[in-house]
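Presented below is the structure to which this report refers.
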Number of protein chains: 4
Amino acid sequence: MTYNTVVRKLYTEHGFGGRSGFGRQPAVVVIDLARSWLDDASLQGSSRLEPVLASTLAVLKAARDAGHPVFFTTMRPDPVDIRGPVGRKLPHMSSETTLGQADSMAELDPRLERRADEPLFVKPRASAFWGTPFDAYLTARNIDTLVITGCSTSGCIRATAESAHNRNLHAIVVREAVGDRSEVAHEANLTDIDLRYADVEGLDAVVAYLRRTRAPS
Amino acid sequence: MTYNTVVRKLYTEHGFGGRSGFGRQPAVVVIDLARSWLDDASLQGSSRLEPVLASTLAVLKAARDAGHPVFFTTMRPDPVDIRGPVGRKLPHMSSETTLGQADSMAELDPRLERRADEPLFVKPRASAFWGTPFDAYLTARNIDTLVITGCSTSGCIRATAESAHNRNLHAIVVREAVGDRSEVAHEANLTDIDLRYADVEGLDAVVAYLRRTRAPS
Amino acid sequence: MTYNTVVRKLYTEHGFGGRSGFGRQPAVVVIDLARSWLDDASLQGSSRLEPVLASTLAVLKAARDAGHPVFFTTMRPDPVDIRGPVGRKLPHMSSETTLGQADSMAELDPRLERRADEPLFVKPRASAFWGTPFDAYLTARNIDTLVITGCSTSGCIRATAESAHNRNLHAIVVREAVGDRSEVAHEANLTDIDLRYADVEGLDAVVAYLRRTRAPS
Amino acid sequence: MTYNTVVRKLYTEHGFGGRSGFGRQPAVVVIDLARSWLDDASLQGSSRLEPVLASTLAVLKAARDAGHPVFFTTMRPDPVDIRGPVGRKLPHMSSETTLGQADSMAELDPRLERRADEPLFVKPRASAFWGTPFDAYLTARNIDTLVITGCSTSGCIRATAESAHNRNLHAIVVREAVGDRSEVAHEANLTDIDLRYADVEGLDAVVAYLRRTRAPS
């Protein structure tokens with residue numbers, strides 16, 4: 001009995017796990033696909049996120065072809081910030097072997113080919129919305145649907161999905177385009193996300209949706 | 001191999017799961033221990049949260065004896081709000097069998113004996129901080145530590161712990177005083193919470209901490 | 001030389017005071033038109049806001065006829081909240097002669113005839129967005145334009161206009177439908193609002209805009 | 001009859017303008033004292049803010065001597081952000097003659113001598129709190145008092161004071177250490193700030209407070 005089987009059954013009986021559905025005006029946000037996650041020189045590089053990157057590239061191509069807004073995030077912890085409880089809870093933020101290492105590891109993977117009009121938010125916490133002006137960018141383009149890819153499922157993906165849900169956005173997590181250090185954590189959190197915050201949808205369905213939807217003028 | 005064993009090992013190796021520790025000035029927040037969770041007439045009443053209530057009462061007694069601030073939350077979905085994606089994702093919000101039923105089910109369990117100077121926030125989302133003025137109340141009392149009890153672990157407890165962590169509060173989740181509809185979801189999310197957002201501490205340790213700490217003047 | 005003449009000239013030269021314009025999908029928010037402002041028994045009742053109420057009723061009629069969403073706010077200070085700096089700065093919050101008086105004074109003026117599907121937010125601070133879930137309601141209806149009426153110009157109107165501007169909403173303040181205890185403060189703050197945050201537009205223009213714009217489906 | 005005389009009298013009678021007072025643990029934030037404000041090559045350079053800079057340096061010296069946390073902000077508008085209503089309302093954001101000019105104009109005035117452990121927030125809006133993680137930095141150091149200097153009084157100073165007030169911080173604006181493009185707007189907004197959001201205090205009183213108060217451990 002997997003997490004998904006057990007928890008989904010119970011939660012569905014309790015009235016969770018509805019479909020928020022695709023909305024009228026989507027944007028894509030790519031969470032933290034930095035070199036730290038995809039470089040073998042990084043501890044996190046062992047997370048085997050190459051398929052996640054490949055699926056994200058497919059999402060990006062569809063969004064860019066259709067003219068939908070695209071956003072990126074990365075993390076670059078501030079030494080003053082992490083002197084507090086945040087840094088004590090998350091020692092990796094100040095570790096040289098993971099995120100806290102050379103600034104170069106916070107750079108986006110170059111295969112994402114970020115364009116000049118695709119904003120990059122350096123986010124201080126898990127959610128792309130926390131401590132950033134992200135939501136104002138979405139309002140300016142009349143976005144009602146946020147397609148989420150990147151990593152990690154149990155951290156920044158879940159937190160971003162929750163934030164999008166809180167704001168009454170249609171939150172969509174692309175199953176093949178999100179990943180985690182732990183496959184076990186990935187599966188459990190995908191279930192929770194789908195039951196509570198965002199529709200977890202397959203890559204093909206999301207690509208088709210992005211292609212058939214008109215971009216904002 | 002449990003979720004906790006597998007995920008904790010990997011995440012600890014990656015620099016998660018530090019201790020934020022107890023801070024200097026605690027407050028207690030009791031999340032959503034409403035009649036809907038503890039009344040047999042409610043579907044959620046089957047969640048067997050009596051031990052969670054009993055542990056919460058022990059936390060409350062320690063906090064009140066020492067003079068620490070106490071806060072409560074409950075949910076009472078607004079029909080206009082849940083016409084959007086939030087309501088589509090969470091059908092229980094408009095269901096008569098769960099939260100959406102008679103307003104009386106949103107009332108706090110009377111055994112909590114809320115006092116006149118213990119604010120009650122009707123929170124519109126999972127986190128006690130979202131869409132409420134909660135953080136201003138904490139600042140006014142110089143609170144740096146938030147002790148969290150109530151339900152559910154995979155929803156409002158995790159979301160509130162994440163919010164408290166985001167603000168650089170020392171976030172403390174009391175193991176015996178939080179619960180979930182699903183024991184499986186409870187265990188997995190307690191692990192994630194402890195690795196990422198809040199220290200999960202036992203009831204005795206938290207009660208001792210509250211008793212030995214001076215309240216704000 | 002009035003405030004408007006002097007400040008507008010200088011600020012316009014410095015690149016302020018552009019027109020954000022009317023957007024595609026408006027909503028109306030009526031700020032704090034409670035009995036405390038319109039009842040002769042209240043100190044604030046001396047503010048002569050009857051014309052503001054009359055203009056607000058004209059805005060409401062146009063919005064309701066066209067099917068645009070309508071929102072209301074009022075204030076009801078919490079005794080715990082105002083023990084902190086907020087209450088020390090604003091003694092009227094705990095005064096029996098103004099807002100802090102009988103709860104009945106926080107009730108909306110009955111002539112507003114609030115409908116069941118028009119949410120009322122009890123806002124803890126000047127801005128309708130602060131400590132409330134207001135923005136999620138706007139996202140759910142794809143609102144990009146917020147029409148603001150009520151009082152007071154130098155407090156809650158300006159703060160709400162700033163918040164709407166921050167979120168990249170088209171913020172519109174209706175000149176005849178906002179008022180203040182002080183005519184001097186009213187004029188100065190209308191100027192600042194128009195230069196920095198929201199277009200200050202006449203009643204007729206706003207009513208025509210609401211009537212010609214299709215409501216959200 | 002000045003703005004201050006007229007408005008203060010009326011608002012004081014209505015229960016505004018109390019003293020929030022100095023709190024136990026202060027921090028200083030210096031708002032937007034960038035080269036754009038102090039360089040003759042900039043349009044804003046005509047604002048004659050040299051005395052404001054000098055007073056800010058006196059505040060900084062007192063804070064640094066005593067070990068209190070110090071923060072800075074500046075603005076650097078994002079071309080994508082200002083395509084929306086924000087940029088239409090504020091044409092200067094995209095103008096080459098003011099803020100939108102060479103990035104070098106967003107650099108802090110070098111006389112401020114920002115230190116490595118004094119965070120600089122690039123804020124997207126008027127308030128230092130909006131779209132930034134500023135409040136988490138304050139919580140981490142148990143700050144309950146925010147001393148505000150810089151410019152401009154009618155924009156970023158007022159907005160930051162309002163945000164600090166909203167959070168129940170003791171907000172203190174240093175009279176000699178804040179300035180505006182317009183002396184008329186400066187005076188009117190200082191009055192509104194003092195009546196509604198922050199205590200406007202003289203330089204000597206603030207310096208003495210910073211010197212006599214122990215810094216966080």
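To be explicit about the labels: the chains of the structure tokens are called A, B, and onward in the order shown, and within each one the residues are counted from 1, while ligands get numbers from 1 in the order they are shown.
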* Would you mind writing down, as number ranges by chain, each residue of range 2-199 of chain C that DSSP on the backbone assigns to strand (DSSP E)? => C: 26-31, 70-74, 120-122, 145-151, 170-179, 199
* To do: Write out as a ChimeraX atom specification every residue belonging to chain B that has an atom at most 6 Å from any atom of chain A, counting only C-alpha atoms.
  => /B:15-20,85-86,88-92,168,170
* Structure fact -> note - CA of Leu57 in chain C and CA of Ala215 in chain C are separated by 18.6 Å
* **Per-residue DSSP, range 82-205 of chain C, filtered to alpha helix (DSSP H), as a PyMOL selection string** => chain C and resi 85-89+134-140+158-166+183-196+203-205
Saved selection, atoms kept: N, CA and C atoms, as a short mmCIF file (atom, residue, chain, number, x, y, z; two decimals), in the first residue's frame:
data_model
loop_
_atom_site.label_atom_id
_atom_site.label_comp_id
_atom_site.auth_asym_id
_atom_site.auth_seq_id
_atom_site.Cartn_x
_atom_site.Cartn_y
_atom_site.Cartn_z
N PRO C 85 1.97 49.10 19.80
CA PRO C 85 2.19 50.42 19.21
C PRO C 85 1.02 50.95 18.40
N VAL C 86 0.28 50.09 17.74
CA VAL C 86 -0.86 50.55 16.94
C VAL C 86 -1.86 51.32 17.81
N GLY C 87 -2.19 50.78 18.95
CA GLY C 87 -3.15 51.43 19.84
C GLY C 87 -2.59 52.67 20.50
N ARG C 88 -1.28 52.67 20.75
CA ARG C 88 -0.70 53.87 21.36
C ARG C 88 -0.67 55.02 20.37
N LYS C 89 -0.42 54.71 19.12
CA LYS C 89 -0.41 55.76 18.08
C LYS C 89 -1.82 56.26 17.80
N PHE C 134 -8.22 39.73 0.90
CA PHE C 134 -8.88 40.47 -0.17
C PHE C 134 -8.29 40.13 -1.55
N ASP C 135 -6.96 40.06 -1.64
CA ASP C 135 -6.39 39.89 -2.99
C ASP C 135 -6.78 38.56 -3.63
N ALA C 136 -6.98 37.54 -2.81
CA ALA C 136 -7.39 36.26 -3.39
C ALA C 136 -8.78 36.33 -4.02
N TYR C 137 -9.63 37.17 -3.45
CA TYR C 137 -10.96 37.34 -4.04
C TYR C 137 -10.86 38.02 -5.40
N LEU C 138 -9.93 38.95 -5.53
CA LEU C 138 -9.77 39.65 -6.80
C LEU C 138 -9.21 38.71 -7.86
N THR C 139 -8.22 37.90 -7.48
CA THR C 139 -7.65 36.95 -8.44
C THR C 139 -8.70 35.96 -8.93
N ALA C 140 -9.54 35.51 -8.02
CA ALA C 140 -10.54 34.51 -8.39
C ALA C 140 -11.49 35.01 -9.47
N ARG C 158 -5.97 56.20 0.87
CA ARG C 158 -4.60 56.24 0.35
C ARG C 158 -3.89 54.89 0.55
N ALA C 159 -4.06 54.29 1.71
CA ALA C 159 -3.37 53.01 1.98
C ALA C 159 -3.89 51.91 1.05
N THR C 160 -5.18 51.90 0.81
CA THR C 160 -5.74 50.88 -0.08
C THR C 160 -5.30 51.13 -1.53
N ALA C 161 -5.25 52.39 -1.94
CA ALA C 161 -4.77 52.71 -3.29
C ALA C 161 -3.32 52.29 -3.46
N GLU C 162 -2.49 52.54 -2.43
CA GLU C 162 -1.09 52.12 -2.51
C GLU C 162 -0.98 50.60 -2.64
N SER C 163 -1.76 49.88 -1.84
CA SER C 163 -1.71 48.42 -1.91
C SER C 163 -2.13 47.91 -3.28
N ALA C 164 -3.17 48.50 -3.84
CA ALA C 164 -3.65 48.07 -5.15
C ALA C 164 -2.58 48.35 -6.22
N HIS C 165 -1.99 49.52 -6.15
CA HIS C 165 -0.88 49.87 -7.04
C HIS C 165 0.28 48.88 -6.89
N ASN C 166 0.64 48.57 -5.65
CA ASN C 166 1.74 47.63 -5.43
C ASN C 166 1.52 46.33 -6.19
N GLU C 183 -10.75 68.74 5.29
CA GLU C 183 -10.75 69.09 3.88
C GLU C 183 -9.32 69.35 3.39
N VAL C 184 -8.49 69.92 4.24
CA VAL C 184 -7.09 70.18 3.88
C VAL C 184 -6.34 68.87 3.65
N ALA C 185 -6.51 67.93 4.55
CA ALA C 185 -5.85 66.64 4.37
C ALA C 185 -6.40 65.91 3.14
N HIS C 186 -7.68 66.06 2.91
CA HIS C 186 -8.32 65.44 1.75
C HIS C 186 -7.65 65.90 0.45
N GLU C 187 -7.52 67.21 0.28
CA GLU C 187 -6.95 67.75 -0.96
C GLU C 187 -5.50 67.33 -1.15
N ALA C 188 -4.71 67.43 -0.10
CA ALA C 188 -3.29 67.09 -0.22
C ALA C 188 -3.11 65.61 -0.56
N ASN C 189 -3.88 64.77 0.11
CA ASN C 189 -3.70 63.34 -0.12
C ASN C 189 -4.27 62.90 -1.47
N LEU C 190 -5.34 63.55 -1.93
CA LEU C 190 -5.82 63.23 -3.28
C LEU C 190 -4.71 63.50 -4.31
N THR C 191 -3.99 64.60 -4.11
CA THR C 191 -2.89 64.92 -5.02
C THR C 191 -1.81 63.84 -4.97
N ASP C 192 -1.36 63.50 -3.76
CA ASP C 192 -0.33 62.47 -3.63
C ASP C 192 -0.81 61.15 -4.25
N ILE C 193 -2.05 60.77 -3.96
CA ILE C 193 -2.59 59.52 -4.52
C ILE C 193 -2.52 59.55 -6.04
N ASP C 194 -2.96 60.66 -6.63
CA ASP C 194 -3.00 60.73 -8.09
C ASP C 194 -1.60 60.74 -8.70
N LEU C 195 -0.65 61.31 -8.00
CA LEU C 195 0.72 61.37 -8.52
C LEU C 195 1.45 60.04 -8.39
N ARG C 196 1.09 59.25 -7.37
CA ARG C 196 1.89 58.08 -7.02
C ARG C 196 1.21 56.73 -7.23
N LEU C 203 -16.72 61.11 -10.83
CA LEU C 203 -17.80 60.14 -10.69
C LEU C 203 -18.40 59.74 -12.04
N ASP C 204 -18.66 60.72 -12.90
CA ASP C 204 -19.32 60.41 -14.16
C ASP C 204 -18.48 59.47 -15.02
N ALA C 205 -17.17 59.73 -15.06
CA ALA C 205 -16.28 58.89 -15.87
C ALA C 205 -16.25 57.45 -15.35
#
List as a CSV table (one decimal) with N, CA and C atoms, in the first residue's frame the protein and nucleic acid residues near Lys61 in chain B, meaning an atom at most 9 Å away when only C-alpha atoms are counted, but skip any in the same chain fewer than 5 places from it.
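So result.csv came out as:
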chain,number,residue,atom,x,y,z
B,56,THR,N,-3.0,19.2,24.0
B,56,THR,CA,-3.2,20.7,23.8
B,56,THR,C,-3.6,21.3,25.1
B,66,ALA,N,2.1,30.4,33.1
B,66,ALA,CA,3.3,31.2,33.0
B,66,ALA,C,3.0,32.6,32.4
B,207,VAL,N,6.3,21.6,27.6
B,207,VAL,CA,5.7,22.1,28.9
B,207,VAL,C,6.7,22.6,29.8
